[in-house]
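Asks: For reference, the structure I am asking about is given below.
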Amino acid sequence: MVDAYLRTYPEMSTERALANLYGQEDRIRLLEALGERGDANFGGSWFDALTGIEHLATTDEALLGTYQDLAAAFGVEAQVHLVTFPAEELRVLSATINSGLDPVLGLLGVDQSSVDFEQNAVLVTVTPVVYETLGGAAFAASHPSGRLVPGTPIVLQDDACNSRYACGAPLRGGVVLHLVASSKNCSLGYTSSATDGSRWAITAGHCGNQLNFNWRHGEQVIGPVRQTFDDAEVDVSRIRIDNGYWRQAGGGYLYDYHNPNTPARLTYSITQRTTIEINEMVCLNAQYSTPSYSCEVITAAYGPRNMPSVDFDACPGDSGGAWIFRPPGGTSQWAYGVHQGGTSATCHALFGYSIFTTVPDTNIVFPTIRIEVRP
Amino acid sequence: MIGSGYGHAVRAALLTLSVVALAGCGSTTIDGPATAAVLPDRDGGPEAANSGVLRGDPDSGCLWLEGPNGQREQVMLVGDFHVDWTPEPARVELDGEPWADLGEFLNVGGGGEANEGVAGCPVGTSGGHLFLIFSRFTPPPTE
């Protein structure tokens with residue numbers, strides 16, 4: 001790991017790299033605590049690897065002292081900054097631009113945006129011609145927190161995805177997850193992100209109930225389980241996406257059975273538990289899902305464990321997979337929940353049932369993260 | 001690993017004798033290795049998957065799955081299971097019917113849960129967690 005620092009920062013001393021590594025856990029705990037506060041005025045954070053100083057930003061002057069004290073409590077050397085735009089506002093603008101929905105940039109913005117918390121801005125890479133055409137200053141006028149950067153637009157090249165078992169980045173719901181150094185496996189439901197920039201993989205709680213154990217897809221490790229619930233109507237875990245291979249590839253995707261090399265966009269996520277009602281159709285995107293075996297109707301909004309029950313017999317290994325709704329002929333896909341279980345003695349039998357943890361219930365137990373979507 | 005040959009036969013005979021002796025003393029249970037790795041049945045079942053060669057220890061009655069790289073993970077069975085350690089190989093029965101032989105490769109469904117495991121088992125728990133087996137299954141075709 002020291003080598004990794006020195007490759008990125010050749011000017012860094014070995015002592016500095018070691019200090020950064022030994023201090024990372026304290027910084028993680030600090031950021032987790034900040035995330036749990038859920039401050040709407042949080043302005044983001046960044047770590048200066050060359051100085052070893054953590055930087056915390058807020059739009060509320062009254063919070064500067066609070067953040068400084070919190071950092072000290074975790075033993076983290078930090079500087080606090082008063083900024084104009086909250087982190088959530090920057091994240092939403094960047095997501096809008098990246099998804100091609102910005103009214104000025106349109107498709108020119110797809111996958112070209114990033115949040116720079118140090119500059120308290122959303123940076124968008126465009127060609128020099130586009131930069132001249134749109135006018136950097138004019139763009140900034142309509143996007144106070146946005147800045148155009150002339151350069152070579154990024155061309156994201158997804159890795160090959162051959163199956164649910166070997167699917168290159170981006171990480172997408174419905175692929176198989178393996179516990180590292182074990183034969184235990186489940187399915188990925190969704191990817192999620194937090195306002196502090198961390199990204200998460202969501203699966204079932206009974207899959208990832210061993211905290212800090214690492215999970216992988218294919219040969220690429222994802223990261224450790226950091227939080228898990230398996231009680232009553234909630235059975236979910238969140239795995240922190242630490243591996244840059246997955247983290248940098250973006251989220252909001254599902255596995256597409258018909259066209260594995262092109263990830264399907266997850267476009268929306270339900271937010272209300274009452275949206276789930278009997279006799280509506282839902283489909284499972286998980287390890288053993290196929291076009292013939294994936295969709296059935298909801299038989300009870302509140303079934304076993306108070307979870308929604310579906311007239312569908314899923315298979316062992318489907319736990320954690322994504323329950324979604326896809327309108328016929330449409331391109332949208334709605335996230336409904338995370339597969340829990342059901343008639344585990346059978347698999348794709350005529351009679352059987354499935355139950356799942358709903359997205360709204362997941363949002364309650366994981367209040368600082370939200371499922372990534374691409375509207 | 002389960003014992004084999006003479007040693008195993010002696011242990012099985014001793015087990016049988018001890019059960020008979022207990023029964024003679026008024027005990028009506030055959031608790032011990034036969035059900036040490038068994039938990040009461042539950043409604044429904046989680047659907048994580050696991051696989052490996054089923055192994056066990058007749059002395060403690062614990063079971064584990066052995067993966068392709070030799071990794072071992074203690075497991076417990078949920079439902080009306082019973083392990084008969086007398087035959088070679090030992091046999092797991094469900095509702096009185098043969099379910100699996102030790103040494104057999106299994107695909108199983110279930111989920112992880114905090115559990116201290118079976119005392120005296122040569123395979124420890126994984127961070128205080130076990131994989132609970134609810135079912136055995138054959139992976140379906142993926143079309």
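Naming works like this for the structure tokens: A, B, ... for the chains as they're shown, residue 1 at the start of each chain, ligands 1 onward in shown order.
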Give me, as CSV, the closest atom pair and its distance (Å, one decimal) for every residue of stretch 93-126 of chain B within a cut-off of 12 Å of stretch 37-43 of chain B, counting only C-alpha atoms, rows sorted by chain and rising number.
Replies:
residue,atom,partner,partner_atom,distance
B:Glu93,CA,B:Val38,CA,11.1
B:Leu94,CA,B:Val38,CA,10.7
B:Asp95,CA,B:Asp41,CA,11.2
B:Gly110,CA,B:Arg42,CA,11.5
B:Asn115,CA,B:Leu39,CA,11.0
B:Glu116,CA,B:Ala37,CA,11.2
B:Gly117,CA,B:Ala37,CA,7.8
B:Val118,CA,B:Ala37,CA,6.5
B:Ala119,CA,B:Ala37,CA,10.0
B:Gly120,CA,B:Ala37,CA,11.7
B:Cys121,CA,B:Ala37,CA,10.1
Asks: Please report as a ChimeraX atom specification which residues of chain A come no farther than 9 Å from chain B, using only C-alpha atoms.
Replies: /A:181-187,204-211,230,287-292,304,314-320,339-348,353-354
Asks: Those residues with N, CA and C atoms, as a CSV table (one decimal), in the first residue's frame please?
Replies:
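The new file out_23.csv reads:
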chain,number,residue,atom,x,y,z
A,181,ALA,N,-12.4,-15.9,0.1
A,181,ALA,CA,-12.0,-17.1,0.8
A,181,ALA,C,-13.1,-17.9,1.3
A,182,SER,N,-14.2,-18.0,0.6
A,182,SER,CA,-15.3,-18.8,1.0
A,182,SER,C,-16.1,-19.2,-0.2
A,183,SER,N,-16.9,-20.2,-0.1
A,183,SER,CA,-17.8,-20.6,-1.2
A,183,SER,C,-19.1,-19.9,-1.1
A,184,LYS,N,-19.3,-19.1,-0.1
A,184,LYS,CA,-20.6,-18.5,0.1
A,184,LYS,C,-20.8,-17.4,-1.0
A,185,ASN,N,-22.0,-17.4,-1.5
A,185,ASN,CA,-22.3,-16.4,-2.6
A,185,ASN,C,-23.7,-15.9,-2.5
A,186,CYS,N,-23.9,-14.7,-3.0
A,186,CYS,CA,-25.2,-14.1,-3.1
A,186,CYS,C,-25.3,-13.2,-4.3
A,187,SER,N,-26.2,-12.4,-4.4
A,187,SER,CA,-26.4,-11.5,-5.6
A,187,SER,C,-26.3,-10.0,-5.1
A,204,ALA,N,-28.1,-8.7,0.7
A,204,ALA,CA,-28.9,-9.1,1.9
A,204,ALA,C,-28.1,-9.2,3.1
A,205,GLY,N,-28.8,-8.9,4.3
A,205,GLY,CA,-28.1,-8.9,5.5
A,205,GLY,C,-27.5,-10.3,5.9
A,206,HIS,N,-28.3,-11.4,5.6
A,206,HIS,CA,-27.8,-12.7,6.0
A,206,HIS,C,-26.7,-13.2,5.1
A,207,CYS,N,-26.4,-12.4,4.0
A,207,CYS,CA,-25.2,-12.7,3.2
A,207,CYS,C,-24.0,-12.0,3.9
A,208,GLY,N,-24.1,-10.8,4.2
A,208,GLY,CA,-23.0,-10.0,4.7
A,208,GLY,C,-23.0,-9.7,6.2
A,209,ASN,N,-23.4,-10.7,7.0
A,209,ASN,CA,-23.5,-10.4,8.4
A,209,ASN,C,-22.1,-10.5,9.2
A,210,GLN,N,-21.1,-10.8,8.4
A,210,GLN,CA,-19.7,-10.8,9.1
A,210,GLN,C,-19.0,-9.5,8.8
A,211,LEU,N,-19.1,-8.6,9.8
A,211,LEU,CA,-18.6,-7.3,9.6
A,211,LEU,C,-17.1,-7.3,9.2
A,230,ASP,N,-30.4,-7.8,10.0
A,230,ASP,CA,-31.3,-9.0,9.6
A,230,ASP,C,-32.3,-9.2,10.7
A,287,GLN,N,-28.8,-13.9,-9.4
A,287,GLN,CA,-28.0,-14.9,-9.9
A,287,GLN,C,-28.7,-15.9,-10.9
A,288,TYR,N,-29.8,-16.4,-10.5
A,288,TYR,CA,-30.5,-17.4,-11.4
A,288,TYR,C,-31.7,-16.8,-12.2
A,289,SER,N,-31.8,-15.5,-12.2
A,289,SER,CA,-32.9,-14.9,-13.0
A,289,SER,C,-32.7,-15.1,-14.5
A,290,THR,N,-33.7,-15.5,-15.2
A,290,THR,CA,-33.7,-15.6,-16.7
A,290,THR,C,-35.0,-14.9,-17.2
A,291,PRO,N,-35.1,-14.7,-18.5
A,291,PRO,CA,-36.3,-14.1,-19.0
A,291,PRO,C,-37.5,-15.0,-18.6
A,292,SER,N,-37.3,-16.3,-18.5
A,292,SER,CA,-38.5,-17.2,-18.2
A,292,SER,C,-38.8,-17.2,-16.7
A,304,PRO,N,-44.8,-12.5,5.0
A,304,PRO,CA,-43.9,-13.0,6.0
A,304,PRO,C,-42.9,-11.9,6.4
A,314,ALA,N,-37.7,-18.1,-6.0
A,314,ALA,CA,-36.3,-17.8,-6.3
A,314,ALA,C,-35.4,-19.0,-5.8
A,315,CYS,N,-34.1,-18.8,-6.0
A,315,CYS,CA,-33.2,-19.9,-5.8
A,315,CYS,C,-32.2,-19.5,-4.7
A,316,PRO,N,-31.6,-20.5,-4.0
A,316,PRO,CA,-30.4,-20.1,-3.2
A,316,PRO,C,-29.3,-19.4,-4.1
A,317,GLY,N,-28.8,-18.4,-3.6
A,317,GLY,CA,-27.8,-17.6,-4.4
A,317,GLY,C,-28.5,-16.3,-5.0
A,318,ASP,N,-29.8,-16.2,-4.9
A,318,ASP,CA,-30.5,-15.0,-5.4
A,318,ASP,C,-30.6,-14.0,-4.3
A,319,SER,N,-30.3,-14.4,-3.0
A,319,SER,CA,-30.4,-13.4,-2.0
A,319,SER,C,-29.6,-12.1,-2.3
A,320,GLY,N,-30.1,-11.0,-2.0
A,320,GLY,CA,-29.4,-9.8,-2.2
A,320,GLY,C,-29.7,-9.2,-3.5
A,339,HIS,N,-33.7,-8.9,-2.5
A,339,HIS,CA,-34.3,-10.2,-2.2
A,339,HIS,C,-33.8,-10.8,-0.9
A,340,GLN,N,-34.7,-11.4,-0.1
A,340,GLN,CA,-34.4,-12.0,1.2
A,340,GLN,C,-34.4,-13.5,1.1
A,341,GLY,N,-35.5,-14.1,0.6
A,341,GLY,CA,-35.7,-15.5,0.6
A,341,GLY,C,-37.1,-15.9,0.3
A,342,GLY,N,-37.5,-17.1,0.8
A,342,GLY,CA,-38.8,-17.6,0.6
A,342,GLY,C,-38.8,-19.1,0.7
A,343,THR,N,-39.2,-19.8,-0.4
A,343,THR,CA,-39.3,-21.2,-0.4
A,343,THR,C,-37.9,-21.8,-0.7
A,344,SER,N,-37.0,-21.8,0.3
A,344,SER,CA,-35.7,-22.2,-0.1
A,344,SER,C,-35.5,-23.6,-0.5
A,345,ALA,N,-36.4,-24.5,-0.1
A,345,ALA,CA,-36.3,-25.9,-0.4
A,345,ALA,C,-36.4,-26.2,-1.9
A,346,THR,N,-37.0,-25.3,-2.7
A,346,THR,CA,-37.2,-25.4,-4.1
A,346,THR,C,-36.6,-24.3,-4.9
A,347,CYS,N,-36.5,-24.4,-6.2
A,347,CYS,CA,-35.9,-23.4,-7.0
A,347,CYS,C,-36.6,-23.4,-8.4
A,348,HIS,N,-37.3,-22.3,-8.6
A,348,HIS,CA,-38.1,-22.1,-9.9
A,348,HIS,C,-39.2,-23.1,-10.0
A,353,TYR,N,-42.8,-18.9,-2.9
A,353,TYR,CA,-42.9,-17.5,-2.7
A,353,TYR,C,-41.6,-16.9,-2.5
A,354,SER,N,-41.5,-15.6,-2.7
A,354,SER,CA,-40.3,-14.8,-2.3
A,354,SER,C,-40.7,-13.6,-1.5
Asks: For A:Ser145, work out the shell of residues within 12 Å, counting only C-alpha atoms and skipping chain neighbours fewer than 2 positions away, then give it as number ranges by chain.
Replies: A: 83-94, 114-117, 119-124, 137, 139-143, 147-148
Asks: Would you please extract all helix (DSSP H, G or I) residues from stretch 116-309 of chain A, as assigned by DSSP on the backbone, and give them as a VMD selection string?
Replies: chain A and resid 128 to 134 136 to 142 244 to 247 273 to 275 304 to 306
Asks: Please compute the atom CA of A:Ser113-atom CA of A:Gly197 distance, one decimal, in Å.
Replies: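 That distance, rounded to one decimal, is 13.9 Å.
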Asks: Find the residues around B:Trp85 up to 8 Å (only C-alpha atoms counted), leave out those fewer than 4 positions away in its own chain, and share them as a list in words.
Replies: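 Answer for this query is Ala12, Pro33, Ala34, Pro58, Pro89, Ala90 and Arg91 of chain B.
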Asks: Would you mind exporting C-alpha atoms of the selected residues as a PDB file, in the first residue's frame?
Replies:
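As written to disk, part-v8.pdb reads:
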ATOM      1  CA  ALA B  12     -20.061 -45.601  16.830  1.00  0.00           C
ATOM      2  CA  PRO B  33     -23.662 -36.006  18.002  1.00  0.00           C
ATOM      3  CA  ALA B  34     -26.880 -36.957  16.209  1.00  0.00           C
ATOM      4  CA  PRO B  58     -18.479 -37.857  15.130  1.00  0.00           C
ATOM      5  CA  PRO B  89     -19.783 -42.794   5.501  1.00  0.00           C
ATOM      6  CA  ALA B  90     -22.038 -41.146   8.069  1.00  0.00           C
ATOM      7  CA  ARG B  91     -25.392 -40.011   6.749  1.00  0.00           C
TER       8      ARG B  91
END
Asks: Between atom CA of B:Glu97 and atom CA of B:Val123, measure the distance and give it in Å to one decimal.
Replies: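 Atom CA of B:Val123 lies 26.8 Å from atom CA of B:Glu97.
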